>>> print(open('final_23.cif').read())   # mmCIF, C-alpha atoms
data_query
loop_
_atom_site.label_atom_id
_atom_site.label_comp_id
_atom_site.auth_asym_id
_atom_site.auth_seq_id
_atom_site.Cartn_x
_atom_site.Cartn_y
_atom_site.Cartn_z
CA ILE A 934 46.55 91.31 104.19
CA ASP A 935 48.65 92.96 106.89
CA GLN A 936 48.97 91.63 110.42
CA MET A 937 46.99 94.42 112.08
CA SER A 938 44.03 93.79 109.75
CA VAL A 939 44.03 90.14 110.73
CA ARG A 940 44.18 91.07 114.41
CA ARG A 941 41.25 93.49 114.05
CA PHE A 942 39.21 90.80 112.27
CA LEU A 943 39.88 88.22 114.98
CA ILE A 944 39.06 90.70 117.74
CA GLU A 945 35.81 91.77 116.06
CA TYR A 946 34.53 88.21 115.66
CA GLY A 947 35.76 86.87 118.97
CA PHE A 948 38.48 84.43 117.87
CA LYS A 949 40.51 84.79 121.05
CA THR A 950 42.44 81.54 120.72
CA LEU A 951 43.56 82.30 117.16
CA LEU A 952 44.44 85.83 118.22
CA THR A 953 47.04 84.59 120.71
CA ARG A 954 48.79 82.58 117.97
CA ILE A 955 49.67 85.65 115.93
CA PRO A 956 53.23 86.77 116.62
CA GLY A 957 53.14 90.05 118.53
CA ALA A 958 53.71 93.04 116.28
CA SER A 959 56.49 95.34 117.43
CA GLN A 960 54.01 98.19 117.70
CA ALA A 961 51.76 96.18 119.99
CA ARG A 962 54.71 95.19 122.16
CA GLN A 963 55.92 98.80 122.39
CA THR A 964 52.46 100.00 123.34
CA SER A 965 52.14 97.26 125.94
CA SER A 966 55.53 98.00 127.47
CA THR A 967 54.91 101.71 127.77
CA THR A 968 51.60 101.22 129.55
CA ASP A 969 52.95 98.77 132.11
CA GLY A 970 54.10 100.17 135.41
CA PRO A 971 57.65 99.51 136.61
CA ILE A 972 58.58 96.89 139.18
CA MET A 973 60.06 98.58 142.22
CA ARG A 974 62.48 96.45 144.23
CA ASN A 975 63.80 96.95 147.73
CA VAL A 976 61.95 100.18 148.38
CA PRO A 977 62.67 101.53 151.88
CA ALA A 978 59.65 101.26 154.17
CA ALA A 979 59.44 105.03 154.62
CA LYS A 980 59.21 105.48 150.83
CA VAL A 981 56.61 102.80 150.08
CA VAL A 982 53.68 105.23 150.19
CA LYS A 983 55.48 107.72 147.96
CA ALA A 984 56.44 105.01 145.47
CA VAL A 985 52.84 103.81 145.25
CA ASP A 986 51.60 107.32 144.59
CA GLN A 987 54.12 107.84 141.78
CA ALA A 988 53.40 104.60 139.89
CA SER A 989 49.75 103.61 140.10
CA SER A 990 50.06 100.36 138.14
CA SER A 991 53.42 99.20 139.54
CA VAL A 992 54.17 96.14 141.65
CA THR A 993 56.36 96.86 144.66
CA VAL A 994 58.59 93.94 145.58
CA LEU A 995 58.83 94.03 149.37
CA GLY A 996 62.34 93.39 150.64
CA ASN A 997 61.97 93.14 154.41
CA LYS A 998 59.51 92.97 157.30
CA GLU A 999 59.36 96.74 157.72
CA GLU A 1000 58.28 97.22 154.11
CA ALA A 1001 55.77 94.38 154.39
CA THR A 1002 54.28 95.88 157.56
CA GLU A 1003 53.92 99.25 155.85
CA ALA A 1004 52.31 97.60 152.82
CA LEU A 1005 49.76 95.82 155.03
CA LYS A 1006 48.83 99.16 156.60
CA ILE A 1007 48.28 100.64 153.14
CA LEU A 1008 46.13 97.70 152.05
CA ARG A 1009 43.98 97.75 155.18
CA ALA A 1010 43.43 101.50 154.81
CA ASN A 1011 42.79 101.67 151.07
CA ALA A 1012 41.48 98.32 149.86
CA ASP A 1013 37.85 98.26 148.76
CA SER A 1014 38.70 94.95 147.09
CA LEU A 1015 41.87 92.89 146.85
CA VAL A 1016 43.52 91.50 143.74
CA ILE A 1017 45.33 88.24 144.51
CA CYS A 1018 47.84 86.53 142.24
CA ALA A 1019 50.16 83.79 143.48
CA SER A 1020 53.69 83.41 142.16
CA ARG A 1021 54.12 79.85 140.90
CA GLY A 1022 56.73 77.71 139.21
CA THR A 1023 56.80 77.33 135.43
CA PRO A 1024 53.86 75.20 134.22
CA GLY A 1025 54.94 71.77 133.01
CA SER A 1026 58.24 71.93 134.90
CA LEU A 1027 59.36 70.08 138.02
CA PHE A 1028 58.60 73.25 139.97
CA ALA A 1029 55.06 73.80 138.63
CA SER A 1030 53.45 73.16 142.02
CA MET A 1031 55.85 75.45 143.89
CA VAL A 1032 54.40 78.68 145.29
CA ASP A 1033 57.13 81.20 146.09
CA GLY A 1034 55.09 84.29 146.93
CA VAL A 1035 51.94 86.24 146.25
CA VAL A 1036 50.94 89.63 144.87
CA ILE A 1037 48.18 91.28 146.88
CA GLY A 1038 46.75 94.73 146.37
CA THR A 1039 44.40 96.99 144.52
CA GLU A 1040 44.48 98.64 141.11
CA ASN A 1041 46.79 101.33 142.52
CA HIS A 1042 48.61 99.45 145.28
CA LEU A 1043 50.16 96.10 144.30
CA PHE A 1044 52.71 94.41 146.57
CA LEU A 1045 54.70 91.21 146.09
CA PHE A 1046 55.17 89.27 149.33
CA SER A 1047 57.99 86.74 148.92
CA ARG A 1048 57.79 83.25 150.41
CA GLU A 1049 60.41 84.27 152.97
CA LEU A 1050 58.22 87.16 154.16
CA VAL A 1051 55.05 85.08 154.08
CA ASP A 1052 56.67 82.46 156.31
CA ASP A 1053 57.66 85.06 158.90
CA PRO A 1054 55.11 84.84 161.78
CA LYS A 1055 55.05 88.62 162.20
CA ILE A 1056 53.90 88.99 158.58
CA HIS A 1057 51.97 85.75 158.18
CA GLU A 1058 49.45 86.46 160.94
CA PRO A 1059 48.28 89.93 159.78
CA LEU A 1060 48.37 88.77 156.14
CA ALA A 1061 46.19 85.77 157.02
CA HIS A 1062 43.77 88.11 158.80
CA LEU A 1063 43.60 90.35 155.73
CA LEU A 1064 42.94 87.43 153.38
CA ALA A 1065 40.23 86.09 155.68
CA SER A 1066 38.60 89.50 156.03
CA ASP A 1067 35.38 90.62 154.36
CA HIS A 1068 37.29 92.58 151.69
CA PRO A 1069 36.03 91.30 148.30
CA LYS A 1070 38.75 89.26 146.57
CA ILE A 1071 39.53 89.21 142.84
CA GLY A 1072 41.63 86.77 140.83
CA HIS A 1073 42.03 84.78 137.64
CA ASP A 1074 41.08 81.11 138.04
CA VAL A 1075 40.15 81.67 141.67
CA LYS A 1076 40.03 77.96 142.50
CA SER A 1077 43.67 77.69 141.49
CA GLU A 1078 44.50 80.77 143.56
CA MET A 1079 42.78 79.22 146.59
CA ARG A 1080 44.91 76.10 146.13
CA ALA A 1081 48.10 78.17 145.92
CA LEU A 1082 47.22 80.21 149.00
CA GLU A 1083 46.62 77.01 150.96
CA VAL A 1084 50.21 76.01 150.17
CA LEU A 1085 51.27 79.27 151.84
CA GLY A 1086 49.05 78.53 154.84
CA PHE A 1087 46.24 80.97 154.01
CA THR A 1088 42.50 80.68 153.57
CA ALA A 1089 41.05 83.51 151.49
CA THR A 1090 37.30 84.12 151.70
CA GLU A 1091 34.80 86.47 150.09
CA TRP A 1092 35.84 85.93 146.47
CA ALA A 1093 33.85 88.41 144.40
CA PHE A 1094 35.20 88.24 140.84
CA ASP A 1095 37.03 85.70 138.70
CA THR A 1096 38.25 87.02 135.36
CA MET A 1097 38.47 83.49 133.95
CA LEU A 1098 34.85 82.70 134.85
CA ALA A 1099 33.76 86.07 133.50
CA GLY A 1100 35.46 85.28 130.21
CA TYR A 1101 33.76 81.90 130.10
CA LEU A 1102 30.32 83.43 130.63
CA LEU A 1103 30.92 85.98 127.90
CA HIS A 1104 32.33 83.45 125.41
CA ALA A 1105 31.26 79.99 126.52
CA GLY A 1106 32.02 78.55 123.10
CA GLU A 1107 35.72 79.36 123.42
CA ARG A 1108 38.04 76.76 124.89
CA ASP A 1109 40.82 79.11 125.92
CA HIS A 1110 40.15 81.53 128.77
CA ASP A 1111 43.69 81.89 130.07
CA LEU A 1112 45.06 85.31 130.92
CA THR A 1113 47.12 85.60 127.73
CA ALA A 1114 44.11 84.98 125.49
CA MET A 1115 41.89 87.36 127.45
CA ALA A 1116 44.50 90.13 127.46
CA ALA A 1117 44.79 89.84 123.68
CA PHE A 1118 41.04 89.90 123.13
CA TYR A 1119 39.81 92.43 125.69
CA LEU A 1120 42.86 94.69 126.11
CA GLN A 1121 44.61 94.20 122.74
CA GLN A 1122 47.79 93.47 124.69
CA HIS A 1123 50.24 90.66 123.94
CA LEU A 1124 51.60 88.91 127.01
CA GLU A 1125 54.63 86.68 126.84
CA GLU A 1126 53.90 82.94 126.87
CA GLN A 1127 54.52 82.65 130.62
CA PRO A 1128 54.01 86.17 132.06
CA GLY A 1129 55.50 86.91 135.45
CA VAL A 1130 53.32 87.35 138.51
CA ASP A 1131 53.71 91.15 138.34
CA ARG A 1132 52.43 91.26 134.76
CA ARG A 1133 49.58 88.87 135.54
CA ALA A 1134 48.46 90.94 138.51
CA ARG A 1135 48.42 94.17 136.49
CA THR A 1136 46.55 92.45 133.67
CA ILE A 1137 43.88 91.21 136.08
CA CYS A 1138 43.44 94.77 137.37
CA SER A 1139 42.99 96.02 133.80
CA LEU A 1140 40.56 93.26 132.85
CA VAL A 1141 38.11 93.60 135.74
CA PRO A 1142 36.36 96.87 134.73
CA VAL A 1143 36.24 95.80 131.08
CA LEU A 1144 34.74 92.41 131.90
CA ARG A 1145 32.34 93.83 134.45
CA GLN A 1146 30.97 96.26 131.87
CA ALA A 1147 30.62 93.45 129.30
CA LEU A 1148 28.79 91.26 131.81
CA GLN A 1149 26.39 94.07 132.68
CA LYS A 1150 25.75 94.74 128.99
CA ASP A 1151 24.88 91.07 128.36
CA GLY A 1152 22.87 90.70 131.58
CA LEU A 1153 25.32 88.14 132.99
CA GLU A 1154 26.74 89.89 136.04
CA THR A 1155 24.13 88.28 138.31
CA VAL A 1156 24.98 84.85 136.93
CA LEU A 1157 28.59 85.38 137.98
CA THR A 1158 27.89 86.84 141.42
CA ARG A 1159 24.92 84.67 142.46
CA PHE A 1160 25.81 81.32 140.95
CA GLU A 1161 29.38 80.98 139.68
CA MET A 1162 31.37 82.68 142.45
CA PRO A 1163 29.59 81.00 145.42
CA LEU A 1164 30.24 77.66 143.74
CA VAL A 1165 34.03 78.14 143.57
CA PRO A 1166 34.81 77.42 147.27
CA VAL A 1167 32.43 74.46 147.16
CA LEU A 1168 34.34 72.97 144.22
CA ARG A 1169 37.64 73.65 145.96
CA ALA A 1170 36.39 71.87 149.09
CA MET A 1171 35.37 68.90 146.92
CA GLU A 1172 38.88 68.84 145.43
CA ARG A 1173 40.45 68.98 148.86
CA GLN A 1174 38.25 66.38 150.55
CA GLY A 1175 37.51 64.14 147.60
CA ILE A 1176 34.21 62.32 147.04
CA LEU A 1177 33.00 58.88 148.11
CA VAL A 1178 33.02 56.27 145.38
CA ASP A 1179 31.27 52.87 145.39
CA VAL A 1180 34.23 50.80 144.21
CA ASN A 1181 32.34 47.51 144.02
CA TYR A 1182 29.61 49.05 141.89
CA LEU A 1183 32.20 50.50 139.49
CA HIS A 1184 33.95 47.11 139.20
CA ASN A 1185 30.65 45.42 138.40
CA LEU A 1186 29.80 48.13 135.88
CA SER A 1187 33.17 47.69 134.21
CA ARG A 1188 32.66 43.93 133.87
CA GLU A 1189 29.15 44.46 132.49
CA MET A 1190 30.36 46.97 129.91
CA SER A 1191 33.20 44.64 128.90
CA ARG A 1192 30.71 41.83 128.28
CA ASP A 1193 28.48 44.12 126.23
CA LYS A 1194 31.49 45.33 124.24
CA ALA A 1195 32.59 41.76 123.49
CA ALA A 1196 29.05 40.83 122.42
CA LEU A 1197 28.83 43.84 120.08
CA GLU A 1198 32.20 43.04 118.55
CA LYS A 1199 31.13 39.45 117.90
CA LYS A 1200 27.88 40.60 116.30
CA MET A 1201 29.77 43.08 114.10
CA MET A 1202 32.12 40.34 112.92
CA GLN A 1203 29.14 38.17 112.02
CA VAL A 1204 27.51 40.97 110.05
CA VAL A 1205 30.72 41.65 108.13
CA GLY A 1206 31.15 37.97 107.49
#
>>> encode(input="final_23.cif", output="structure tokens")
Amino acid sequence: IDQMSVRRFLIEYGFKTLLTRIPGASQARQTSSTTDGPIMRNVPAAKVVKAVDQASSSVTVLGNKEEATEALKILRANADSLVICASRGTPGSLFASMVDGVVIGTENHLFLFSRELVDDPKIHEPLAHLLASDHPKIGHDVKSEMRALEVLGFTATEWAFDTMLAGYLLHAGERDHDLTAMAAFYLQQHLEEQPGVDRRARTICSLVPVLRQALQKDGLETVLTRFEMPLVPVLRAMERQGILVDVNYLHNLSREMSRDKAALEKKMMQVVG
């Protein structure tokens, strides 16, 4: 059985987790690389608009305040909804909790704001206003994105779509709803084990229309928009504030369960003889 046949079988029957464990075929990697837009670095402010028009799925890495200001103008003028994807340290490393920037944009206009730019008051204030605006926000694992944005000093509101939650609703029996697994299943694209923020942002943009159509087909879109998404900021607030715990009650419960455990063990020993 060839590799592509196995991939088609896993896709057809929804084995997303197993699908991600198959080594990426060279053909799949070539197809993926040719469909990804380029990353444009240090684009002069006057050329930002032109660059965006030429590469609809690219991520423009903003190099200075002038470029960032121009990007904010583009986003305010063109954004029906905003895709948000924070740039974090490598999971499992000493820098896993570090947030060194954020990609913000739309399907056609994606911009990477570095930590240095984000910390500049002249960029931070209008960026904070944009994130707190009534533009619908989109992300993958939105609660995690909210946490990352708080590290940067932002509060994003009006979250409208979470690709991770959408994947969960569509395949609740699956344990793995990370971006790599979902890209393999829904887009037939193989992401590297730890994709960069630019690749993650583009993948989220590609996933949204596919997932939205699947949710509508299964009658689940209302479940996401009416129940799941409004709950996300509530859960984040619970994480941030914590919950009250009756410590004395828990201590008493622990002692009671220990006594019951000891009594059961003694009874079991007697039965065994």
>>> residues_around(input="final_23.cif", residues="stretch 1135-1141 of chain A", least_positions_apart="2", cutoff="7 Å", atoms="only C-alpha atoms", output="ChimeraX atom specification")
/A:990,1040,1072-1073,1096,1116,1131-1133,1143-1145
>>> resolve_selection(input="final_23.cif", expression="the PyMOL selection byres ((chain A and resi 1155-1166) around 7)", output="list in words")
Lys1076, Trp1092, Ala1093, Phe1094, Ala1099, Leu1153, Glu1154, Val1167, Leu1168, Arg1169 and Ala1170 of chain A
>>> resolve_selection(input="final_23.cif", expression="the PyMOL selection byres ((chain A and resi 1032) around 10)", output="PyMOL selection string")
chain A and resi 1019-1022+1028-1031+1033-1035+1047-1048+1080-1085
>>> residues_near_point(input="final_23.cif", point="(49.3, 88.7, 147.3)", cutoff="12 Å", atoms="all atoms listed in the file", output="ChimeraX atom specification")
/A:992-995,1001,1004-1005,1008,1015-1021,1032-1039,1042-1048,1050-1051,1057,1060-1061,1063-1064,1070-1072,1078-1079,1081-1082,1085,1087,1089,1130-1131,1133-1134
>>> closest_residue(input="final_23.cif", among="A:Glu1107, A:Asp1074, A:Glu1172, A:Asp1067", to="A:Glu1091", atoms="all atoms listed in the file")
A:Asp1067
>>> closest_residue(input="final_23.cif", among="A:Ala1147, A:Glu1189, A:Gly1206, A:Ser1066", to="A:Arg1009", atoms="all atoms listed in the file")
A:Ser1066
>>> atom_distance(input="final_23.cif", atom1="atom CA of A:Ile1056", atom2="atom CA of A:Lys1006")
11.5 Å
